[in-house]
Amino acid sequence: MSLVKNGVATLDPFVRIEDGAPLPSGPVLLPLARFLAERETLAGRNEPVGVLVPNDADVRILEPHLRQIALIVLTFPKFRDGRAYTQARLLRERLGFTGELRAAGNVLRDQLLMMVRCGFNAFEISKPGDAGALEDALKTYSVFYQPTADGRPTALRARLAAARQG
Amino acid sequence: MTSPLQQKLKIHGPTVVTANRLSDGVSVWLTPTYEWSERIADAAVATTSEQALDLLNRANGDENRAVGAYAAAAVLGADGKPAPANLRERIRVNGPTVSLDSAA
Amino acid sequence: MYVYDEFDRTFLQERVREFRDQVERRLSGELNEEEFKPLRLMNGVYLQLHAYMLRIAIPYGTLSAPQMRVLAHVARRYDKGYGHFTTRQNIQFNWIKLAELPDAMDDLAKAGMHGLQTSGNCIRNTTTDQWAGATPEEIEDPRLYAELIRQWSTLHPEFTYLPRKFKIAITAAKHDRAAIRVHDIGLRLHKKDGETGFEVIVGGGLGRTPFIGKTIREFLPKRDLLSYLEAILRTYNSGGRRDNIYKARIKIQVHEIGTEEFTRRVEEEWVQIKDGALALDDAAIDTIRDHFQTPDFEILPEQSPELAESLAKDREFARWHANSVNAHKVAGHAIVTISLKPVGKPPGDATAEQMDAIADLSERYGYGEIRVAHEQNLTLPHVRQKDLYALWQQLSAQGLATPNVGLVTDIIACPGLDYCALANTRSIPLAQRITERFADNDRIADVGRMHINISGCINACGHHHVGHIGILGVEKKDQEFYQITLGGKANHKARLGELLGPAVSESEVVDVVERIVDTYLHLRHDKSESFISVVQRLGIEPFKERAYVAG
């Protein structure tokens, strides 16, 4: 497993904390339930906090606390389970989350572009060979049909713009 | 590549292991030397669950040559060679029961 | 029809390049089968009994003559010289090699075609009325909206890994030829207070748990089409079941939480996004409209004197005309259905030669436009009435003028166990035997309107639940048996058929169908009372009494 953030392979500064385990100093990644239970104590910590969100959770529950969160990890238990795509778009587009949005689990290169389009900017990549393929994966397409958080112009709007110029 | 499900493989009578070739999808059968043949007559015949399981595990471990392997019931001809035991397998061996130029 | 521009062409080239890379990685072993399977499925590639099958999308069933010739080329070059048109207005080729697929995809892409999203748990090809843009019944051409949906749904980043496949159909005519009430989403264009918008129907579907869709919104303004679809898909993607493949379709979600709660969730989500980037302003709709080329229709008299003359002098032509030709919105024109159901042949199949011939005929007589119909027939939507006789003669020469459109031998059938890895029983040979039993054109004309639908397994690709006579194959101890339902309908008054009784053996089933037909002939008031009307009037009991009794 390797972490790629904003296109660059990087070491993960966050330490994954299990339920009940004591908090070390430094950035920590907590399960959603524990984060919600302890968020007041956590607010007093001067360290980045990450939240690990299961893919059946309603992410809107995090809305009041987003300023306190540096990292949200969304999970793909199998790459065919696409619930986290919706969670990602809601976090970025609806709730305005601007921190690190990371895809974890069964993350393969053939899904990376879609993840980026839904607002992910960091990936825990399962296959060693896939980490280097991110750049290529993002270049697979230059034409997009849907308006999403990544701000790429859609074919429909590009046509309109072209019509106005020509 | 052995799932608990496969460990409980039960067979009823002679059994062959069949799959589709990766490159073109053609039906193939696993031979006693763990090669794949387009002819069911070349297939290795298992008569015990252990043998069938061994063939299936071999087949599943060879998914870069053939995919979707499963154990299929067979009947043995007078020459001792396996032949398909049911309609589905007969169609896989002999092709569709509608003629191929049939739309013409 | 819609003409691809540079954006669409670039996209397709990129898609083919991506798939070529994926195939290479699979063949080299870099991708394992579990990883590759969803990728190939997303490109319309299945693995069947004898080979890979490639399903090619025909967006809303519209084909140009050059595209039809490319399909003929694919049939010849990469397959065994024929293809099979499906109930979802697509075509599938049954004998494709994985290693050759990228080349076939390349050839298709040059003509603006692909297999994208014809399989997999994504939004599938949007289907519509095969008479769209031609029938006087419609209030507007629904293909404009089908195209907007095609673009919105193409590689949608959020909705490519849904719980299960997702099918959308749209119609703008009073008579629903697109079976919108048995789709995951059905859209019906209609007018309210002078404004055109959509009735939105959700949660229809066949398969092992058939449901007729529920209306969740009576009227949706056009500008809100895509945002509303996005809200439905989002509600489904986050809440649809993923624990059991047989309960993963949206129809189960709607059924389990109830239409009211489902609607509430959709509306709640929609309010958040309706004024966002998906809102369709007039400029956006006009851009798509501009990409549709309308034929330059010839100015002709309402009724063609040449046609009247040919009808009077040639009885066979008149017979074909009676069920293959329908009214057109432009004077002097007609809509022609080409039967792909000749006696004794597989329903929906066409050879490469026939495809080429149809392409030629469409150019000669039909402004170069061809449609695929849900009933697995082809349609020439714009034919000059004065050319109908010549067209009929040339179709006849190709075996394409069987006068059985809408009649008992116009059978919908899935590929069944002859090809399909999921099937339990065969469908095609049964369809062939029924057409042979009813080969007499006078007899089928007398029987009148009748839809027989055959599925080779419970997945219901032959839509047996909505056949007037539905036939479902079931396997018992390696023998083929068939369950029969009566009274199903796929149209605007969609309903599911009722089970007639115990399944019958493969050797008996054609006799049973014939006894059902004879029972109808006996029970009807007169010829104007159709089979389905009699079933509705009397129920299935009188049919049950006679169907199982030999002699």
# chains A, B, ... in the order shown; residues from 1 in each chain; ligands from 1
$ residues_around --residues "C:Asp349" --least-positions-apart "2" --cutoff "6 Å" --atoms "only C-alpha atoms" --output "PyMOL selection string"
(chain B and resi 103) or (chain C and resi 83-84+346-347)
$ residues_around --residues "stretch 18-22 of chain A" --least-positions-apart "6" --cutoff "8 Å" --atoms "only C-alpha atoms" --output "PyMOL selection string"
chain A and resi 30-31+34
$ select_by_dssp --residues "chain B" --states "strand (DSSP E)" --output "VMD selection string"
chain B and resid 15 to 21 27 to 30 36 to 37 66 to 76 82 to 84
$ write_last_selection --atoms "N, CA and C atoms" --output "CSV table (one decimal), in the first residue's frame"
chain,number,residue,atom,x,y,z
B,15,THR,N,-16.4,-36.6,-13.4
B,15,THR,CA,-16.5,-35.1,-13.5
B,15,THR,C,-15.3,-34.6,-14.2
B,16,VAL,N,-15.5,-33.6,-15.0
B,16,VAL,CA,-14.4,-32.9,-15.7
B,16,VAL,C,-14.4,-31.4,-15.3
B,17,VAL,N,-13.3,-30.8,-15.5
B,17,VAL,CA,-13.2,-29.3,-15.2
B,17,VAL,C,-13.1,-28.6,-16.5
B,18,THR,N,-13.9,-27.6,-16.6
B,18,THR,CA,-14.0,-26.8,-17.9
B,18,THR,C,-14.0,-25.4,-17.6
B,19,ALA,N,-13.6,-24.6,-18.6
B,19,ALA,CA,-13.5,-23.1,-18.5
B,19,ALA,C,-13.6,-22.5,-19.9
B,20,ASN,N,-13.4,-21.2,-20.0
B,20,ASN,CA,-13.3,-20.6,-21.3
B,20,ASN,C,-11.9,-20.0,-21.4
B,21,ARG,N,-11.3,-20.2,-22.6
B,21,ARG,CA,-10.0,-19.7,-22.9
B,21,ARG,C,-10.0,-18.1,-22.8
B,27,SER,N,-14.6,-22.7,-25.3
B,27,SER,CA,-14.7,-23.6,-24.3
B,27,SER,C,-13.5,-24.6,-24.3
B,28,VAL,N,-13.0,-24.8,-23.1
B,28,VAL,CA,-11.8,-25.7,-23.0
B,28,VAL,C,-12.0,-26.6,-21.8
B,29,TRP,N,-11.2,-27.7,-21.8
B,29,TRP,CA,-11.3,-28.7,-20.7
B,29,TRP,C,-9.9,-29.0,-20.2
B,30,LEU,N,-9.7,-29.2,-18.9
B,30,LEU,CA,-8.4,-29.4,-18.3
B,30,LEU,C,-8.0,-30.8,-18.5
B,36,TRP,N,-4.9,-27.1,-21.4
B,36,TRP,CA,-6.3,-26.9,-21.8
B,36,TRP,C,-6.5,-27.4,-23.2
B,37,SER,N,-7.6,-28.2,-23.4
B,37,SER,CA,-7.9,-28.7,-24.7
B,37,SER,C,-9.3,-28.3,-25.1
B,66,ALA,N,-7.2,-19.6,-18.8
B,66,ALA,CA,-8.6,-19.9,-18.9
B,66,ALA,C,-9.4,-19.4,-17.7
B,67,VAL,N,-10.6,-18.9,-17.9
B,67,VAL,CA,-11.3,-18.2,-16.9
B,67,VAL,C,-12.7,-18.9,-16.6
B,68,GLY,N,-13.2,-18.7,-15.4
B,68,GLY,CA,-14.6,-19.1,-15.1
B,68,GLY,C,-14.6,-20.6,-15.0
B,69,ALA,N,-13.6,-21.3,-14.4
B,69,ALA,CA,-13.5,-22.7,-14.3
B,69,ALA,C,-14.6,-23.3,-13.4
B,70,TYR,N,-15.1,-24.4,-13.7
B,70,TYR,CA,-16.0,-25.1,-12.8
B,70,TYR,C,-16.0,-26.6,-13.2
B,71,ALA,N,-16.5,-27.4,-12.2
B,71,ALA,CA,-16.6,-28.8,-12.4
B,71,ALA,C,-17.9,-29.2,-13.0
B,72,ALA,N,-17.8,-30.0,-14.1
B,72,ALA,CA,-19.1,-30.4,-14.8
B,72,ALA,C,-19.2,-31.9,-14.8
B,73,ALA,N,-20.4,-32.4,-14.7
B,73,ALA,CA,-20.7,-33.8,-14.7
B,73,ALA,C,-20.4,-34.3,-16.1
B,74,ALA,N,-19.8,-35.5,-16.3
B,74,ALA,CA,-19.6,-36.1,-17.6
B,74,ALA,C,-20.1,-37.5,-17.6
B,75,VAL,N,-20.2,-38.0,-18.8
B,75,VAL,CA,-20.5,-39.5,-18.9
B,75,VAL,C,-19.3,-40.1,-19.7
B,76,LEU,N,-19.0,-41.3,-19.4
B,76,LEU,CA,-17.9,-42.0,-20.1
B,76,LEU,C,-18.5,-42.8,-21.3
B,82,PRO,N,-14.5,-39.0,-21.8
B,82,PRO,CA,-15.6,-38.3,-21.2
B,82,PRO,C,-16.4,-37.6,-22.3
B,83,ALA,N,-17.7,-37.5,-22.1
B,83,ALA,CA,-18.6,-36.7,-22.9
B,83,ALA,C,-19.6,-35.9,-22.0
B,84,PRO,N,-20.2,-34.9,-22.6
B,84,PRO,CA,-21.0,-34.0,-21.7
B,84,PRO,C,-22.2,-34.8,-21.2
$ residues_around --residues "C:Arg188" --least-positions-apart "2" --cutoff "10 Å" --atoms "only C-alpha atoms" --output "number ranges by chain"
C: 142, 169-174, 176, 178, 180-181, 186, 190-191, 197-201, 218-220, 492
$ interface_residues --of "chain A" --to "chain C" --cutoff "8 Å" --atoms "only C-alpha atoms" --output "PyMOL selection string"
chain A and resi 56+79-83+85-86+89+114-115+117-118+140-147+155-157+159-160
$ write_last_selection --atoms "N, CA and C atoms" --output "PDB file, in the first residue's frame"
ATOM      1  N   ASP A  56     -21.319   3.458   4.614  1.00  0.00           N
ATOM      2  CA  ASP A  56     -22.775   3.535   4.761  1.00  0.00           C
ATOM      3  C   ASP A  56     -23.201   4.667   5.699  1.00  0.00           C
ATOM      4  N   PHE A  79     -13.757  -2.513  -4.890  1.00  0.00           N
ATOM      5  CA  PHE A  79     -13.802  -1.369  -5.805  1.00  0.00           C
ATOM      6  C   PHE A  79     -15.156  -1.256  -6.488  1.00  0.00           C
ATOM      7  N   ARG A  80     -15.924  -2.354  -6.477  1.00  0.00           N
ATOM      8  CA  ARG A  80     -17.251  -2.313  -7.100  1.00  0.00           C
ATOM      9  C   ARG A  80     -18.293  -1.622  -6.219  1.00  0.00           C
ATOM     10  N   ASP A  81     -17.944  -1.362  -4.967  1.00  0.00           N
ATOM     11  CA  ASP A  81     -18.882  -0.725  -4.047  1.00  0.00           C
ATOM     12  C   ASP A  81     -18.680   0.786  -4.118  1.00  0.00           C
ATOM     13  N   GLY A  82     -19.568   1.471  -4.820  1.00  0.00           N
ATOM     14  CA  GLY A  82     -19.331   2.877  -5.161  1.00  0.00           C
ATOM     15  C   GLY A  82     -19.987   3.913  -4.269  1.00  0.00           C
ATOM     16  N   ARG A  83     -20.338   3.549  -3.043  1.00  0.00           N
ATOM     17  CA  ARG A  83     -21.033   4.514  -2.190  1.00  0.00           C
ATOM     18  C   ARG A  83     -20.162   5.718  -1.841  1.00  0.00           C
ATOM     19  N   TYR A  85     -18.197   7.371  -3.571  1.00  0.00           N
ATOM     20  CA  TYR A  85     -18.193   8.445  -4.592  1.00  0.00           C
ATOM     21  C   TYR A  85     -19.233   9.508  -4.236  1.00  0.00           C
ATOM     22  N   THR A  86     -20.406   9.025  -3.805  1.00  0.00           N
ATOM     23  CA  THR A  86     -21.448   9.973  -3.402  1.00  0.00           C
ATOM     24  C   THR A  86     -21.029  10.733  -2.154  1.00  0.00           C
ATOM     25  N   ARG A  89     -18.580  13.516  -3.102  1.00  0.00           N
ATOM     26  CA  ARG A  89     -19.174  14.694  -3.746  1.00  0.00           C
ATOM     27  C   ARG A  89     -19.955  15.530  -2.731  1.00  0.00           C
ATOM     28  N   MET A 114     -12.115   8.785 -11.797  1.00  0.00           N
ATOM     29  CA  MET A 114     -13.459   9.040 -11.266  1.00  0.00           C
ATOM     30  C   MET A 114     -13.386   9.567  -9.845  1.00  0.00           C
ATOM     31  N   MET A 115     -12.470   9.028  -9.091  1.00  0.00           N
ATOM     32  CA  MET A 115     -12.323   9.496  -7.709  1.00  0.00           C
ATOM     33  C   MET A 115     -11.911  10.969  -7.692  1.00  0.00           C
ATOM     34  N   ARG A 117     -12.530  13.125  -9.928  1.00  0.00           N
ATOM     35  CA  ARG A 117     -13.668  13.921 -10.370  1.00  0.00           C
ATOM     36  C   ARG A 117     -14.695  14.105  -9.257  1.00  0.00           C
ATOM     37  N   CYS A 118     -14.741  13.149  -8.344  1.00  0.00           N
ATOM     38  CA  CYS A 118     -15.686  13.278  -7.229  1.00  0.00           C
ATOM     39  C   CYS A 118     -15.085  14.045  -6.065  1.00  0.00           C
ATOM     40  N   THR A 140      -6.247  10.015 -19.070  1.00  0.00           N
ATOM     41  CA  THR A 140      -6.978   9.102 -19.957  1.00  0.00           C
ATOM     42  C   THR A 140      -8.026   9.840 -20.781  1.00  0.00           C
ATOM     43  N   TYR A 141      -8.690  10.770 -20.138  1.00  0.00           N
ATOM     44  CA  TYR A 141      -9.767  11.489 -20.826  1.00  0.00           C
ATOM     45  C   TYR A 141      -9.528  12.999 -20.807  1.00  0.00           C
ATOM     46  N   SER A 142      -9.961  13.627 -21.883  1.00  0.00           N
ATOM     47  CA  SER A 142      -9.934  15.094 -21.911  1.00  0.00           C
ATOM     48  C   SER A 142     -11.338  15.661 -22.055  1.00  0.00           C
ATOM     49  N   VAL A 143     -12.306  14.772 -22.288  1.00  0.00           N
ATOM     50  CA  VAL A 143     -13.686  15.214 -22.465  1.00  0.00           C
ATOM     51  C   VAL A 143     -14.531  14.671 -21.313  1.00  0.00           C
ATOM     52  N   PHE A 144     -15.315  15.533 -20.699  1.00  0.00           N
ATOM     53  CA  PHE A 144     -16.148  15.135 -19.569  1.00  0.00           C
ATOM     54  C   PHE A 144     -17.554  15.657 -19.773  1.00  0.00           C
ATOM     55  N   TYR A 145     -18.511  14.844 -19.356  1.00  0.00           N
ATOM     56  CA  TYR A 145     -19.898  15.213 -19.618  1.00  0.00           C
ATOM     57  C   TYR A 145     -20.635  15.717 -18.374  1.00  0.00           C
ATOM     58  N   GLN A 146     -20.042  15.520 -17.197  1.00  0.00           N
ATOM     59  CA  GLN A 146     -20.787  15.911 -15.986  1.00  0.00           C
ATOM     60  C   GLN A 146     -20.061  17.021 -15.235  1.00  0.00           C
ATOM     61  N   PRO A 147     -20.834  17.979 -14.739  1.00  0.00           N
ATOM     62  CA  PRO A 147     -20.241  18.984 -13.870  1.00  0.00           C
ATOM     63  C   PRO A 147     -20.044  18.404 -12.466  1.00  0.00           C
ATOM     64  N   ALA A 155     -18.529  18.923 -21.710  1.00  0.00           N
ATOM     65  CA  ALA A 155     -18.649  19.042 -23.163  1.00  0.00           C
ATOM     66  C   ALA A 155     -19.758  20.021 -23.527  1.00  0.00           C
ATOM     67  N   LEU A 156     -20.849  19.946 -22.755  1.00  0.00           N
ATOM     68  CA  LEU A 156     -21.993  20.811 -23.058  1.00  0.00           C
ATOM     69  C   LEU A 156     -21.604  22.290 -22.940  1.00  0.00           C
ATOM     70  N   ARG A 157     -20.922  22.636 -21.857  1.00  0.00           N
ATOM     71  CA  ARG A 157     -20.521  24.044 -21.663  1.00  0.00           C
ATOM     72  C   ARG A 157     -19.438  24.443 -22.655  1.00  0.00           C
ATOM     73  N   ARG A 159     -19.112  23.334 -25.646  1.00  0.00           N
ATOM     74  CA  ARG A 159     -19.792  23.577 -26.929  1.00  0.00           C
ATOM     75  C   ARG A 159     -20.401  24.976 -26.956  1.00  0.00           C
ATOM     76  N   LEU A 160     -21.043  25.313 -25.851  1.00  0.00           N
ATOM     77  CA  LEU A 160     -21.667  26.636 -25.788  1.00  0.00           C
ATOM     78  C   LEU A 160     -20.621  27.729 -25.939  1.00  0.00           C
TER      79      LEU A 160
END
$ atom_distance --atom1 "atom CA of A:Ala43" --atom2 "atom CA of A:Val28"
12.7 Å
$ interface_residues --of "chain B" --to "chain C" --cutoff "10 Å" --atoms "only C-alpha atoms" --output "PyMOL selection string"
chain B and resi 19-28+63-68+85-89+91-104
$ atom_distance --atom1 "atom CA of A:Val49" --atom2 "atom CA of A:Ile69"
5.4 Å
$ select_by_dssp --residues "stretch 65-95 of chain B" --states "helix (DSSP H, G or I)" --output "list in words"
Leu87, Arg88, Glu89, Arg90, Ile91, Arg92, Val93 and Asn94 of chain B
$ atom_distance --atom1 "atom CA of C:Arg289" --atom2 "atom CA of C:Gly133"
12.3 Å
$ residues_around --residues "B:Lys10" --least-positions-apart "5" --cutoff "9 Å" --atoms "only C-alpha atoms" --output "VMD selection string"
chain B and resid 48 to 49 52 to 53
$ write_last_selection --atoms "N, CA and C atoms" --output "mmCIF file, in the first residue's frame"
data_model
loop_
_atom_site.group_PDB
_atom_site.id
_atom_site.type_symbol
_atom_site.label_atom_id
_atom_site.label_comp_id
_atom_site.auth_asym_id
_atom_site.auth_seq_id
_atom_site.Cartn_x
_atom_site.Cartn_y
_atom_site.Cartn_z
ATOM 1 N N THR B 48 -13.381 -38.895 -7.751
ATOM 2 C CA THR B 48 -13.587 -38.601 -6.330
ATOM 3 C C THR B 48 -13.614 -37.091 -6.139
ATOM 4 N N SER B 49 -14.186 -36.666 -5.031
ATOM 5 C CA SER B 49 -14.238 -35.235 -4.727
ATOM 6 C C SER B 49 -12.838 -34.648 -4.634
ATOM 7 N N ALA B 52 -11.482 -34.092 -8.089
ATOM 8 C CA ALA B 52 -12.178 -32.979 -8.754
ATOM 9 C C ALA B 52 -11.710 -31.651 -8.180
ATOM 10 N N LEU B 53 -11.545 -31.630 -6.851
ATOM 11 C CA LEU B 53 -11.103 -30.411 -6.184
ATOM 12 C C LEU B 53 -9.693 -30.038 -6.625
#
$ decode --residues "stretch 362-380 of chain C" --atoms "N, CA and C atoms" --output "PDB file, in the first residue's frame"
ATOM      1  N   SER C 362     -32.250   2.140 -46.801  1.00  0.00           N
ATOM      2  CA  SER C 362     -32.563   3.337 -46.002  1.00  0.00           C
ATOM      3  C   SER C 362     -32.095   4.591 -46.736  1.00  0.00           C
ATOM      4  N   GLU C 363     -30.982   4.469 -47.445  1.00  0.00           N
ATOM      5  CA  GLU C 363     -30.505   5.641 -48.190  1.00  0.00           C
ATOM      6  C   GLU C 363     -31.374   5.912 -49.414  1.00  0.00           C
ATOM      7  N   ARG C 364     -31.785   4.816 -50.048  1.00  0.00           N
ATOM      8  CA  ARG C 364     -32.564   4.974 -51.274  1.00  0.00           C
ATOM      9  C   ARG C 364     -33.964   5.509 -50.969  1.00  0.00           C
ATOM     10  N   TYR C 365     -34.568   5.007 -49.918  1.00  0.00           N
ATOM     11  CA  TYR C 365     -35.986   5.320 -49.692  1.00  0.00           C
ATOM     12  C   TYR C 365     -36.281   6.012 -48.364  1.00  0.00           C
ATOM     13  N   GLY C 366     -35.310   6.122 -47.479  1.00  0.00           N
ATOM     14  CA  GLY C 366     -35.654   6.555 -46.114  1.00  0.00           C
ATOM     15  C   GLY C 366     -34.723   7.581 -45.507  1.00  0.00           C
ATOM     16  N   TYR C 367     -34.133   8.453 -46.313  1.00  0.00           N
ATOM     17  CA  TYR C 367     -33.279   9.537 -45.808  1.00  0.00           C
ATOM     18  C   TYR C 367     -32.124   9.014 -44.943  1.00  0.00           C
ATOM     19  N   GLY C 368     -31.765   7.745 -45.161  1.00  0.00           N
ATOM     20  CA  GLY C 368     -30.576   7.189 -44.494  1.00  0.00           C
ATOM     21  C   GLY C 368     -30.704   6.943 -43.006  1.00  0.00           C
ATOM     22  N   GLU C 369     -31.927   6.845 -42.525  1.00  0.00           N
ATOM     23  CA  GLU C 369     -32.073   6.645 -41.076  1.00  0.00           C
ATOM     24  C   GLU C 369     -32.724   5.305 -40.748  1.00  0.00           C
ATOM     25  N   ILE C 370     -32.199   4.657 -39.722  1.00  0.00           N
ATOM     26  CA  ILE C 370     -32.673   3.331 -39.314  1.00  0.00           C
ATOM     27  C   ILE C 370     -32.868   3.341 -37.804  1.00  0.00           C
ATOM     28  N   ARG C 371     -33.867   2.617 -37.348  1.00  0.00           N
ATOM     29  CA  ARG C 371     -34.063   2.489 -35.895  1.00  0.00           C
ATOM     30  C   ARG C 371     -34.111   1.017 -35.507  1.00  0.00           C
ATOM     31  N   VAL C 372     -33.737   0.770 -34.264  1.00  0.00           N
ATOM     32  CA  VAL C 372     -33.918  -0.557 -33.693  1.00  0.00           C
ATOM     33  C   VAL C 372     -35.111  -0.475 -32.751  1.00  0.00           C
ATOM     34  N   ALA C 373     -36.026  -1.431 -32.893  1.00  0.00           N
ATOM     35  CA  ALA C 373     -37.226  -1.420 -32.063  1.00  0.00           C
ATOM     36  C   ALA C 373     -37.056  -2.363 -30.884  1.00  0.00           C
ATOM     37  N   HIS C 374     -37.691  -2.011 -29.786  1.00  0.00           N
ATOM     38  CA  HIS C 374     -37.709  -2.839 -28.577  1.00  0.00           C
ATOM     39  C   HIS C 374     -38.155  -4.283 -28.872  1.00  0.00           C
ATOM     40  N   GLU C 375     -39.018  -4.447 -29.871  1.00  0.00           N
ATOM     41  CA  GLU C 375     -39.508  -5.788 -30.220  1.00  0.00           C
ATOM     42  C   GLU C 375     -38.502  -6.590 -31.048  1.00  0.00           C
ATOM     43  N   GLN C 376     -37.259  -6.105 -31.144  1.00  0.00           N
ATOM     44  CA  GLN C 376     -36.205  -6.782 -31.905  1.00  0.00           C
ATOM     45  C   GLN C 376     -36.472  -6.777 -33.408  1.00  0.00           C
ATOM     46  N   ASN C 377     -37.110  -5.735 -33.863  1.00  0.00           N
ATOM     47  CA  ASN C 377     -37.243  -5.498 -35.292  1.00  0.00           C
ATOM     48  C   ASN C 377     -36.483  -4.226 -35.643  1.00  0.00           C
ATOM     49  N   LEU C 378     -36.396  -3.925 -36.933  1.00  0.00           N
ATOM     50  CA  LEU C 378     -35.805  -2.659 -37.363  1.00  0.00           C
ATOM     51  C   LEU C 378     -36.903  -1.775 -37.933  1.00  0.00           C
ATOM     52  N   THR C 379     -36.641  -0.487 -37.948  1.00  0.00           N
ATOM     53  CA  THR C 379     -37.621   0.466 -38.454  1.00  0.00           C
ATOM     54  C   THR C 379     -36.936   1.427 -39.413  1.00  0.00           C
ATOM     55  N   LEU C 380     -37.585   1.702 -40.536  1.00  0.00           N
ATOM     56  CA  LEU C 380     -37.184   2.829 -41.372  1.00  0.00           C
ATOM     57  C   LEU C 380     -38.199   3.926 -41.066  1.00  0.00           C
TER      58      LEU C 380
END
